[in-house]
>>> print(open('data_39.txt').read())   # compact mmCIF, C-alpha atoms and all ligand atoms
# COMPACT_ATOMS: atom_id res chain seq x y z
CA MET A 112 94.65 107.43 112.65
CA GLU A 113 97.28 105.23 114.22
CA SER A 114 100.78 106.47 113.51
CA PRO A 115 103.44 104.18 112.07
CA ASP A 116 105.63 102.69 114.78
CA PHE A 117 108.75 102.10 112.66
CA ILE A 118 110.23 103.98 109.75
CA ILE A 119 113.14 103.07 107.46
CA THR A 120 114.57 105.47 104.90
CA TYR A 121 116.93 104.80 102.02
CA ASP A 122 118.32 106.95 99.28
CA GLY A 123 117.70 105.80 95.70
CA PHE A 124 116.89 108.74 93.43
CA GLY A 125 116.02 110.77 96.51
CA VAL A 126 114.88 109.49 99.84
CA SER A 127 112.30 106.72 100.11
CA GLU A 128 110.33 106.59 103.36
CA LEU A 129 108.97 103.24 104.51
CA PHE A 130 106.22 103.31 107.12
CA PHE A 131 105.18 100.23 109.09
CA CYS A 132 101.58 100.70 110.16
CA PRO A 133 100.14 98.45 112.86
CA GLY A 134 96.43 97.98 113.44
CA GLU A 135 93.63 97.85 110.94
CA VAL A 136 94.01 99.07 107.38
CA ASP A 137 92.18 102.32 106.68
CA LEU A 138 93.33 103.50 103.28
CA ALA A 139 90.51 106.01 102.93
CA ARG A 140 91.89 107.92 105.91
CA TRP A 141 95.52 107.63 104.78
CA PHE A 142 94.91 108.78 101.22
CA CYS A 143 91.68 110.85 101.41
CA PRO A 144 90.53 109.97 97.87
CA GLY A 145 88.68 112.80 96.19
CA GLY A 146 90.35 115.40 98.33
CA GLY A 147 93.64 116.01 96.52
CA PRO A 148 95.01 117.63 93.36
CA GLY A 149 94.85 114.34 91.43
CA SER A 150 96.21 110.84 92.03
CA VAL A 151 96.01 107.55 90.18
CA PHE A 152 95.43 104.62 92.52
CA VAL A 153 96.04 101.21 90.99
CA THR A 154 94.95 97.87 92.33
CA ASP A 155 93.62 94.54 91.06
CA GLN A 156 90.27 92.82 91.34
CA SER A 157 91.39 90.47 94.10
CA VAL A 158 92.72 93.27 96.30
CA ALA A 159 89.75 95.55 95.53
CA ALA A 160 87.45 92.80 96.83
CA LEU A 161 89.14 92.72 100.26
CA PRO A 162 86.97 94.08 103.09
CA ALA A 163 89.92 96.30 104.09
CA LEU A 164 89.49 98.22 100.83
CA GLY A 165 85.71 98.51 101.09
CA SER A 166 85.47 102.11 102.26
CA PHE A 167 88.41 103.19 100.06
CA CYS A 168 86.89 101.73 96.87
CA GLY A 169 83.49 103.03 97.95
CA ARG A 170 84.75 106.60 97.54
CA PHE A 171 85.11 105.96 93.79
CA GLY A 172 81.42 105.80 92.99
CA GLY A 173 80.46 102.43 94.39
CA THR A 174 82.28 99.15 94.11
CA VAL A 175 84.74 99.27 91.24
CA ARG A 176 84.98 95.70 89.98
CA ARG A 177 87.25 96.41 87.02
CA GLY A 178 88.04 99.52 85.05
CA VAL A 179 88.32 103.10 86.25
CA GLY A 180 86.51 104.77 89.16
CA ILE A 181 86.52 108.50 89.79
CA ALA A 182 86.50 110.53 93.02
CA GLY A 183 87.09 114.25 92.50
CA ASN A 184 90.40 114.51 90.68
CA ASP A 185 91.47 111.02 91.74
CA LEU A 186 91.21 107.81 89.75
CA LEU A 187 91.10 104.19 90.82
CA VAL A 188 92.28 101.77 88.12
CA VAL A 189 91.31 98.16 88.87
CA LEU A 190 93.23 95.63 86.77
CA PRO A 191 92.67 91.91 86.32
CA PRO A 192 94.85 90.03 88.82
CA GLY A 193 97.90 87.85 88.40
CA GLU A 194 101.17 87.44 86.57
CA ALA A 195 99.33 86.69 83.31
CA HIS A 196 98.20 90.34 83.33
CA LYS A 197 101.63 91.86 84.04
CA THR A 198 101.66 93.13 80.50
CA ILE A 199 102.30 96.25 78.53
CA ASP A 200 98.51 96.39 77.96
CA SER A 201 97.90 96.71 81.70
CA VAL A 202 100.54 99.44 81.96
CA THR A 203 98.88 101.19 79.02
CA ALA A 204 95.52 101.00 80.79
CA ILE A 205 97.01 102.93 83.75
CA LEU A 206 98.63 105.52 81.48
CA ARG A 207 95.52 105.93 79.34
CA ALA A 208 93.34 106.54 82.40
CA ALA A 209 95.68 109.29 83.60
CA LEU A 210 95.86 110.90 80.17
CA GLU A 211 92.13 110.70 79.45
CA HIS A 212 91.48 112.53 82.73
CA ASP A 213 94.07 115.22 81.90
CA LEU A 214 96.24 114.48 84.89
CA PRO A 215 99.51 116.42 84.87
CA ARG A 216 103.07 115.13 84.74
CA ARG A 217 103.54 115.39 88.49
CA THR A 218 100.54 113.22 89.26
CA ARG A 219 100.90 110.86 92.21
CA PHE A 220 100.67 107.17 91.27
CA CYS A 221 99.85 104.81 94.09
CA GLY A 222 99.96 101.02 93.69
CA ILE A 223 98.00 98.94 96.19
CA GLY A 224 98.64 95.23 95.73
CA GLY A 225 101.21 92.52 95.25
CA GLY A 226 104.41 92.65 93.25
CA VAL A 227 102.57 92.71 89.91
CA VAL A 228 100.56 95.82 90.78
CA CYS A 229 103.50 97.55 92.49
CA ASP A 230 105.88 96.95 89.55
CA MET A 231 103.39 98.09 86.90
CA THR A 232 102.28 101.18 88.83
CA ALA A 233 105.91 102.16 89.30
CA PHE A 234 106.57 101.66 85.60
CA ALA A 235 103.57 103.81 84.64
CA ALA A 236 104.76 106.57 87.01
CA SER A 237 108.26 106.40 85.52
CA VAL A 238 107.09 106.94 81.94
CA TYR A 239 103.87 109.00 82.17
CA LYS A 240 104.61 112.22 80.30
CA ARG A 241 108.29 111.17 80.53
CA GLY A 242 108.07 110.52 84.26
CA GLY A 243 108.35 112.74 87.29
CA GLY A 244 105.20 111.72 89.12
CA ALA A 245 105.46 110.80 92.79
CA LEU A 246 105.17 107.08 93.45
CA GLU A 247 103.68 105.56 96.58
CA LEU A 248 103.14 101.86 97.23
CA VAL A 249 101.05 99.79 99.59
CA PRO A 250 102.28 96.19 99.25
CA THR A 251 99.55 93.75 100.25
CA THR A 252 101.37 90.42 99.95
CA LEU A 253 104.28 89.04 101.94
CA LEU A 254 106.38 88.85 98.78
CA ALA A 255 105.74 92.48 97.86
CA MET A 256 106.41 93.64 101.44
CA ALA A 257 109.64 91.68 101.90
CA ASP A 258 111.01 92.26 98.42
CA ALA A 259 109.13 93.54 95.36
CA ALA A 260 107.93 96.94 96.59
CA VAL A 261 111.32 97.98 97.89
CA GLY A 262 114.16 99.06 95.64
CA GLY A 263 112.61 100.78 92.67
CA LYS A 264 112.28 97.96 90.15
CA ALA A 265 109.46 98.91 87.79
CA GLY A 266 108.20 97.04 84.78
CA CYS A 267 106.21 94.25 83.22
CA ASP A 268 106.67 90.94 81.41
CA LEU A 269 107.12 90.65 77.66
CA GLY A 270 105.54 87.58 76.08
CA PRO A 271 106.73 84.58 78.10
CA TYR A 272 109.70 86.42 79.62
CA LYS A 273 109.53 87.92 83.08
CA ASN A 274 110.24 91.59 83.82
CA MET A 275 111.90 92.16 80.46
CA VAL A 276 110.66 95.74 80.11
CA GLY A 277 111.09 98.36 82.78
CA SER A 278 113.03 101.00 84.60
CA PHE A 279 114.25 101.91 88.08
CA TYR A 280 111.86 104.25 89.87
CA PRO A 281 111.86 104.05 93.68
CA ALA A 282 108.70 104.90 95.57
CA ARG A 283 108.82 108.04 97.70
CA ARG A 284 106.65 106.35 100.31
CA ILE A 285 105.82 102.73 101.04
CA ARG A 286 103.25 101.85 103.67
CA PHE A 287 103.26 98.38 105.18
CA PHE A 288 100.06 97.17 106.85
CA PRO A 289 100.64 93.76 108.48
CA ALA A 290 96.85 93.36 108.66
CA PHE A 291 96.90 92.50 104.93
CA LEU A 292 98.96 89.39 105.72
CA ARG A 293 96.03 87.88 107.61
CA THR A 294 94.02 87.86 104.37
CA LEU A 295 96.59 86.06 102.21
CA PRO A 296 95.82 82.65 100.73
CA GLU A 297 98.32 80.11 102.08
CA ALA A 298 100.00 79.62 98.68
CA GLU A 299 100.71 83.34 98.39
CA TYR A 300 102.01 83.52 101.94
CA ARG A 301 104.41 80.61 101.27
CA SER A 302 105.58 82.28 98.08
CA GLY A 303 106.60 85.36 100.09
CA LEU A 304 108.32 83.21 102.68
CA ALA A 305 110.72 81.98 99.98
CA GLU A 306 111.97 85.54 99.33
CA ILE A 307 112.47 85.93 103.08
CA LEU A 308 114.52 82.73 103.15
CA LYS A 309 116.55 84.16 100.26
CA THR A 310 117.36 87.21 102.39
CA ALA A 311 118.35 84.94 105.28
CA LEU A 312 120.73 82.95 103.05
CA LEU A 313 122.27 86.14 101.67
CA PHE A 314 122.58 88.33 104.76
CA ASP A 315 121.07 87.05 107.97
CA SER A 316 122.39 83.87 109.61
CA ALA A 317 120.16 84.38 112.68
CA LEU A 318 117.11 84.40 110.42
CA PHE A 319 118.37 81.19 108.77
CA GLU A 320 118.46 79.64 112.26
CA ASP A 321 114.87 80.82 112.77
CA PHE A 322 113.88 78.98 109.59
CA LYS A 323 115.50 75.82 110.94
CA HIS A 324 113.99 75.98 114.42
CA ARG A 325 110.66 77.82 114.05
CA ARG A 326 109.17 76.06 111.05
CA ALA A 327 105.64 75.76 112.45
CA SER A 328 105.27 79.41 113.45
CA LEU A 329 106.83 80.68 110.22
CA LEU A 330 104.76 78.43 107.96
CA HIS A 331 101.50 78.77 109.88
CA PRO A 332 101.55 81.97 111.93
CA ALA A 333 98.79 82.43 114.47
CA GLU A 334 96.63 85.55 114.18
CA GLY A 335 98.79 87.67 116.49
CA ASP A 336 102.06 86.46 114.92
CA PHE A 337 101.64 88.62 111.82
CA GLU A 338 102.41 91.76 113.78
CA GLY A 339 104.48 90.14 116.53
CA THR A 340 106.72 87.81 114.51
CA ILE A 341 106.33 88.23 110.75
CA LEU A 342 106.37 92.03 110.58
CA PRO A 343 109.74 92.33 112.41
CA ILE A 344 111.13 89.74 109.95
CA VAL A 345 109.79 91.78 107.03
CA GLN A 346 111.48 94.85 108.55
CA ARG A 347 114.81 93.00 108.71
CA CYS A 348 114.49 91.96 105.05
CA VAL A 349 113.56 95.47 103.99
CA GLU A 350 116.42 97.00 105.97
CA ALA A 351 118.94 94.58 104.40
CA LYS A 352 117.61 95.22 100.89
CA ALA A 353 117.44 98.99 101.37
CA ARG A 354 121.15 99.13 102.27
CA VAL A 355 122.09 97.18 99.10
CA VAL A 356 119.82 99.29 96.91
CA GLU A 357 121.32 102.48 98.32
CA ARG A 358 124.74 101.34 97.11
CA ASP A 359 123.64 99.92 93.75
CA LEU A 360 120.16 101.02 92.69
CA ARG A 361 120.69 100.19 89.01
CA GLU A 362 122.04 96.69 89.60
CA THR A 363 125.48 97.12 88.12
CA GLY A 364 127.15 94.98 90.81
CA GLU A 365 126.18 94.11 94.36
CA ARG A 366 122.43 94.27 93.76
CA MET A 367 122.69 91.26 91.44
CA LEU A 368 123.15 89.17 94.59
CA LEU A 369 119.48 89.84 95.42
CA ASN A 370 118.65 87.68 92.42
CA TYR A 371 119.88 84.55 94.19
CA GLY A 372 117.82 81.65 92.81
CA HIS A 373 116.13 83.91 90.27
CA THR A 374 118.05 82.88 87.14
CA PHE A 375 116.68 79.37 87.52
CA ALA A 376 113.34 80.65 88.84
CA HIS A 377 112.60 82.95 85.93
CA ALA A 378 113.48 80.16 83.48
CA LEU A 379 111.05 77.83 85.25
CA GLU A 380 108.31 80.48 85.25
CA THR A 381 108.83 81.07 81.53
CA VAL A 382 108.92 77.43 80.54
CA ALA A 383 105.93 76.54 82.75
CA GLY A 384 103.99 79.58 81.49
CA LEU A 385 103.94 82.87 83.43
CA GLY A 386 101.56 82.73 86.36
CA THR A 387 101.59 78.92 86.55
CA VAL A 388 104.22 78.59 89.29
CA PRO A 389 104.08 81.14 92.16
CA HIS A 390 107.20 83.31 91.96
CA GLY A 391 108.42 82.43 95.46
CA ASP A 392 108.04 78.69 94.84
CA ALA A 393 110.11 79.12 91.68
CA VAL A 394 112.73 81.06 93.68
CA ALA A 395 112.86 78.30 96.30
CA TRP A 396 113.47 75.71 93.57
CA GLY A 397 115.98 78.08 91.96
CA MET A 398 117.90 78.38 95.25
CA ALA A 399 118.08 74.57 95.47
CA ARG A 400 119.49 74.46 91.93
CA ALA A 401 121.90 77.34 92.65
CA VAL A 402 123.32 75.72 95.78
CA THR A 403 123.60 72.38 93.95
CA LEU A 404 125.51 74.18 91.18
CA SER A 405 127.70 75.85 93.81
CA ALA A 406 128.60 72.41 95.21
CA ARG A 407 129.17 70.97 91.73
CA LEU A 408 131.64 73.78 90.99
CA GLY A 409 133.41 73.20 94.32
CA LEU A 410 132.41 76.61 95.67
CA CYS A 411 130.50 75.31 98.68
CA THR A 412 130.64 72.06 100.62
CA ASP A 413 128.24 69.19 99.98
CA SER A 414 127.21 69.54 103.58
CA TYR A 415 126.07 73.19 103.11
CA CYS A 416 124.24 72.20 99.91
CA GLY A 417 122.54 69.34 101.76
CA GLU A 418 121.56 71.59 104.67
CA VAL A 419 119.90 74.17 102.40
CA CYS A 420 118.12 71.58 100.24
CA ALA A 421 116.88 69.72 103.34
CA LEU A 422 115.46 72.96 104.74
CA LEU A 423 113.71 73.79 101.46
CA THR A 424 112.24 70.27 101.35
CA ASP A 425 111.13 70.59 104.97
CA TYR A 426 109.12 73.68 104.02
CA GLY A 427 107.49 71.77 101.16
CA TRP A 428 109.39 73.33 98.26
CA GLU A 429 110.61 71.32 95.32
CA THR A 430 114.36 70.90 95.09
CA GLY A 431 114.97 68.28 92.38
CA PRO A 432 116.53 68.86 88.95
CA VAL A 433 113.18 69.24 87.21
CA PRO A 434 110.23 70.15 89.46
CA ALA A 435 108.33 67.03 90.31
CA GLY A 436 105.08 66.36 88.55
CA ARG A 437 105.65 68.85 85.74
CA HIS A 438 106.11 67.25 82.36
CA GLY A 439 107.56 68.54 79.18
CA PHE A 440 110.38 70.55 80.75
CA THR A 441 113.77 69.77 79.38
CA ALA A 442 117.11 70.99 80.59
CA GLU A 443 117.54 72.57 77.14
CA ALA A 444 114.29 74.56 77.42
CA LEU A 445 115.28 75.83 80.87
CA LEU A 446 118.82 76.64 79.74
CA GLY A 447 117.45 78.49 76.70
CA ALA A 448 115.26 80.62 78.96
CA MET A 449 118.20 81.27 81.32
CA LYS A 450 120.11 82.77 78.42
CA LYS A 451 117.54 85.59 78.29
CA ASP A 452 118.36 86.62 81.89
CA LYS A 453 119.02 90.35 82.32
CA LYS A 454 122.20 89.75 84.34
CA ASN A 455 123.96 88.05 81.44
CA SER A 456 126.76 90.13 79.98
CA ASP A 457 127.00 88.49 76.53
CA ALA A 458 124.46 86.52 74.62
CA GLY A 459 125.54 82.92 74.99
CA THR A 460 126.79 82.79 78.58
CA VAL A 461 124.80 82.56 81.77
CA ARG A 462 125.69 84.58 84.84
CA VAL A 463 124.52 82.90 88.02
CA ILE A 464 124.49 83.92 91.67
CA LEU A 465 126.15 81.20 93.75
CA GLN A 466 127.13 80.67 97.38
CA ARG A 467 130.41 79.65 99.01
CA SER A 468 128.60 79.34 102.34
CA LEU A 469 125.83 81.01 104.31
CA CYS A 470 126.00 84.81 103.75
CA ASP A 471 128.97 84.42 101.37
CA THR A 472 127.65 84.94 97.85
CA VAL A 473 129.41 85.38 94.49
CA ILE A 474 128.53 86.05 90.85
CA ARG A 475 129.95 83.65 88.24
CA GLU A 476 129.72 83.02 84.50
CA VAL A 477 128.92 79.33 84.24
CA ALA A 478 129.43 76.92 81.33
CA ASP A 479 126.29 75.48 79.75
CA ASP A 480 127.31 71.92 80.62
CA ASP A 481 127.55 72.74 84.33
CA ILE A 482 124.05 74.23 84.22
CA ARG A 483 122.76 71.21 82.31
CA GLY A 484 124.41 69.08 85.00
CA VAL A 485 122.08 70.44 87.71
CA LEU A 486 118.97 70.46 85.53
CA LYS A 487 118.86 66.75 84.74
N1 LIG B 501 114.19 91.20 93.67
C1 LIG B 501 115.56 91.59 93.50
C2 LIG B 501 115.76 93.06 93.46
O1 LIG B 501 114.86 93.83 93.73
O2 LIG B 501 116.84 93.48 93.13
>>> encode(input="data_39.txt", output="structure tokens")
Amino acid sequence: MESPDFIITYDGFGVSELFFCPGEVDLARWFCPGGGPGSVFVTDQSVAALPALGSFCGRFGGTVRRGVGIAGNDLLVVLPPGEAHKTIDSVTAILRAALEHDLPRRTRFCGIGGGVVCDMTAFAASVYKRGGGALELVPTTLLAMADAAVGGKAGCDLGPYKNMVGSFYPARRIRFFPAFLRTLPEAEYRSGLAEILKTALLFDSALFEDFKHRRASLLHPAEGDFEGTILPIVQRCVEAKARVVERDLRETGERMLLNYGHTFAHALETVAGLGTVPHGDAVAWGMARAVTLSARLGLCTDSYCGEVCALLTDYGWETGPVPAGRHGFTAEALLGAMKKDKKNSDAGTVRVILQRSLCDTVIREVADDDIRGVLK
């Protein structure tokens, strides 16, 4: 087995170890299913169908298309894919499988997938028999590698509202296999790139320059670029996020900055219908609205706002007041959804993450009329 060539640690509730694993993915060798005291592996149908998971899934009694496979004391729970299934029912399916197979409180839960799988597996681990199980994650999408898997956010959606139920439960170990990135559909890759741009805007001016000058290789990496170019960028994002999470795991202050663009994004995802707009595309649009609001409030210059919006447009993301081509959205519907945001302190006001300039970010309560002003 190839050893990881780069390790980051951060301290949430105890130390999280992040391993970056070059070369081919061989989960069967990393996790030895069937050989341990009992683990619950969770994935979705799309990930389970990847050739890289063939021998791993094969250990659970043939190809597990959906449902629960068994290998010794270990379980493989295969969920339907996508944001539409990030529900309490999917979390219950994980918990029920563990309980029906008499797995103890300290069971290891291991999520293998994108942000949806990672968040729900973490949530199940945090509540199974009141929590205490070890959590390990293998993020398989760019978005999950650069953002979702790191930092202990665990949960699921509730009705049309995103991530409204959950807890903080950092993984003990996260393994990053850049080989998964080669398998990503272009739309999913682009979605992850938006969270990376968010990190650049918040913390990394050199990475922002890369976005300006290396558009072709970032948008369409060649085969070898996933390990050579994209993985080091993921490592920079993870390192930046890990340092914030160490200082503010439970998002009482500084961590809120990581939600740049997300207040608008979550509203769009809700109003459009969860799973309709890829999360990263919604975040990109949300960052355009946030920087436009920053300029409207006199926090940043028009020139900075123009620079960010031009870059987002150059990468193909929508930046206008209401995303082009989508009908039936009103500023009022979006504003109503924004009022459900978890960052808000009181019902009735909206707390938004704004920028004064590159890498200079602030949190502000904003009047409804100013938000309306950038939504229509
Ligand atoms: N995605 C923002 C955070 O993890 O805090």
>>> atom_distance(input="data_39.txt", atom1="atom CA of Gly226 of chain A", atom2="atom CA of Arg176 of chain A")
19.9 Å
>>> residues_near_ligand(input="data_39.txt", ligand="ligand LIG 501 (chain B)", cutoff="8 Å", atoms="all atoms listed in the file", output="PyMOL selection string")
chain A and resi 258-259+261-264+352+356+362+366-370
>>> residues_around(input="data_39.txt", residues="Pro162 of chain A", least_positions_apart="4", cutoff="10 Å", atoms="all atoms listed in the file", output="list in words")
Val136, Val158, Ser166, Phe167, Cys168 and Thr294 of chain A
>>> residues_around(input="data_39.txt", residues="Leu469 of chain A", least_positions_apart="2", cutoff="12 Å", atoms="only C-alpha atoms", output="list in words")
Leu308, Lys309, Thr310, Ala311, Leu312, Leu313, Phe314, Asp315, Ser316, Ala317, Leu318, Phe319, Glu320, Val402, Ser405, Leu410, Cys411, Thr412, Ser414, Tyr415, Cys416, Glu418, Val419, Leu465, Gln466, Arg467, Asp471, Thr472 and Val473 of chain A
>>> residues_near_point(input="data_39.txt", point="(128.9, 73.6, 87.1)", cutoff="8 Å", atoms="all atoms listed in the file", output="list in words")
Leu404, Ser405, Arg407, Leu408, Val477, Ala478, Asp480, Asp481, Ile482, Gly484 and Val485 of chain A
>>> residues_near_point(input="data_39.txt", point="(105.2, 89.5, 88.9)", cutoff="7 Å", atoms="only C-alpha atoms", output="ChimeraX atom specification")
/A:194,197,226-227
>>> residues_around(input="data_39.txt", residues="Gly427 of chain A", least_positions_apart="4", cutoff="10 Å", atoms="all atoms listed in the file", output="list in words")
Arg301, Leu330, Asp392, Ala395, Ala421, Leu422 and Leu423 of chain A
>>> residues_around(input="data_39.txt", residues="Asp213 of chain A", least_positions_apart="5", cutoff="12 Å", atoms="only C-alpha atoms", output="NGL selection string")
:A and (148-151 or 184-186 or 206-208 or 218 or 239-240)
>>> atom_distance(input="data_39.txt", atom1="atom CA of Glu299 of chain A", atom2="atom CA of Thr374 of chain A")
20.7 Å
>>> atom_distance(input="data_39.txt", atom1="atom CA of Arg462 of chain A", atom2="atom CA of Ala442 of chain A")
16.6 Å
>>> closest_residue(input="data_39.txt", among="A:Arg170, A:Gly386, A:Glu211, A:Pro250", to="Pro192 of chain A", atoms="all atoms listed in the file")
A:Gly386
>>> axis_aligned_box(input="data_39.txt", around="segment 281-291 of chain A", padding_each_side="5 Å", output="AutoDock Vina command-line options")
--center_x 104.4 --center_y 100.3 --center_z 101.2 --size_x 25.0 --size_y 25.5 --size_z 25.0
>>> closest_residue(input="data_39.txt", among="A:Gly172, A:Gly222, A:Pro215, A:Pro343", to="Arg241 of chain A", atoms="all atoms listed in the file")
A:Pro215
>>> closest_residue(input="data_39.txt", among="A:Leu292, A:Ala245, A:Ala351, A:Ala195", to="Glu338 of chain A", atoms="all atoms listed in the file")
A:Leu292
>>> decode(input="data_39.txt", residues="segment 400-477 of chain A", atoms="C-alpha atoms", output="compact mmCIF listing (two decimals), in the first residue's frame")
# COMPACT_ATOMS: atom_id res chain seq x y z
CA ARG A 400 -24.53 38.85 -4.77
CA ALA A 401 -22.47 39.25 -1.58
CA VAL A 402 -19.79 41.35 -3.25
CA THR A 403 -22.48 43.43 -4.99
CA LEU A 404 -24.10 44.00 -1.59
CA SER A 405 -20.69 44.91 -0.15
CA ALA A 406 -20.29 47.58 -2.86
CA ARG A 407 -23.85 48.82 -2.37
CA LEU A 408 -23.16 49.31 1.35
CA GLY A 409 -19.90 51.13 0.58
CA LEU A 410 -17.78 48.41 2.18
CA CYS A 411 -15.77 47.56 -0.93
CA THR A 412 -14.96 49.50 -4.08
CA ASP A 413 -16.95 49.10 -7.29
CA SER A 414 -13.71 48.07 -8.90
CA TYR A 415 -13.23 45.09 -6.51
CA CYS A 416 -16.87 44.10 -7.03
CA GLY A 417 -16.40 44.30 -10.80
CA GLU A 418 -13.20 42.25 -10.66
CA VAL A 419 -14.82 39.41 -8.69
CA CYS A 420 -18.01 39.36 -10.80
CA ALA A 421 -15.97 39.39 -14.03
CA LEU A 422 -13.93 36.42 -12.79
CA LEU A 423 -17.07 34.48 -11.84
CA THR A 424 -18.57 35.21 -15.26
CA ASP A 425 -15.34 34.14 -16.94
CA TYR A 426 -15.66 30.74 -15.25
CA GLY A 427 -19.24 30.43 -16.50
CA TRP A 428 -21.06 31.12 -13.23
CA GLU A 429 -24.17 33.24 -13.06
CA THR A 430 -23.76 36.58 -11.34
CA GLY A 431 -26.97 38.52 -12.04
CA PRO A 432 -29.65 39.48 -9.51
CA VAL A 433 -31.82 36.47 -10.30
CA PRO A 434 -30.05 33.54 -11.97
CA ALA A 435 -30.62 33.69 -15.67
CA GLY A 436 -33.12 31.35 -17.21
CA ARG A 437 -34.84 30.42 -13.95
CA HIS A 438 -38.38 31.67 -13.68
CA GLY A 439 -40.64 32.13 -10.75
CA PHE A 440 -37.98 33.38 -8.33
CA THR A 441 -38.80 36.62 -6.67
CA ALA A 442 -36.63 38.72 -4.44
CA GLU A 443 -39.24 38.17 -1.72
CA ALA A 444 -39.02 34.37 -1.97
CA LEU A 445 -35.22 34.51 -1.78
CA LEU A 446 -35.30 36.99 1.11
CA GLY A 447 -37.82 34.81 2.95
CA ALA A 448 -35.49 31.82 2.62
CA MET A 449 -32.51 33.92 3.76
CA LYS A 450 -34.34 34.65 6.99
CA LYS A 451 -34.10 30.94 7.87
CA ASP A 452 -30.26 31.08 7.74
CA LYS A 453 -28.57 29.55 10.79
CA LYS A 454 -26.23 32.54 11.23
CA ASN A 455 -29.11 34.93 11.91
CA SER A 456 -29.24 36.09 15.52
CA ASP A 457 -32.90 37.17 15.66
CA ALA A 458 -35.81 36.15 13.54
CA GLY A 459 -36.37 39.05 11.19
CA THR A 460 -32.83 40.19 10.40
CA VAL A 461 -30.35 38.68 8.00
CA ARG A 462 -26.69 38.32 8.87
CA VAL A 463 -24.50 38.30 5.78
CA ILE A 464 -20.80 37.73 5.19
CA LEU A 465 -19.38 40.64 3.19
CA GLN A 466 -15.98 41.77 1.94
CA ARG A 467 -14.13 45.08 2.24
CA SER A 468 -11.51 43.77 -0.18
CA LEU A 469 -9.71 40.56 -1.06
CA CYS A 470 -9.01 38.57 2.16
CA ASP A 471 -10.74 41.24 4.28
CA THR A 472 -14.10 39.83 5.32
CA VAL A 473 -16.73 41.03 7.81
CA ILE A 474 -20.08 39.91 9.23
CA ARG A 475 -22.96 42.41 9.10
CA GLU A 476 -26.68 42.53 9.89
CA VAL A 477 -28.24 43.92 6.73
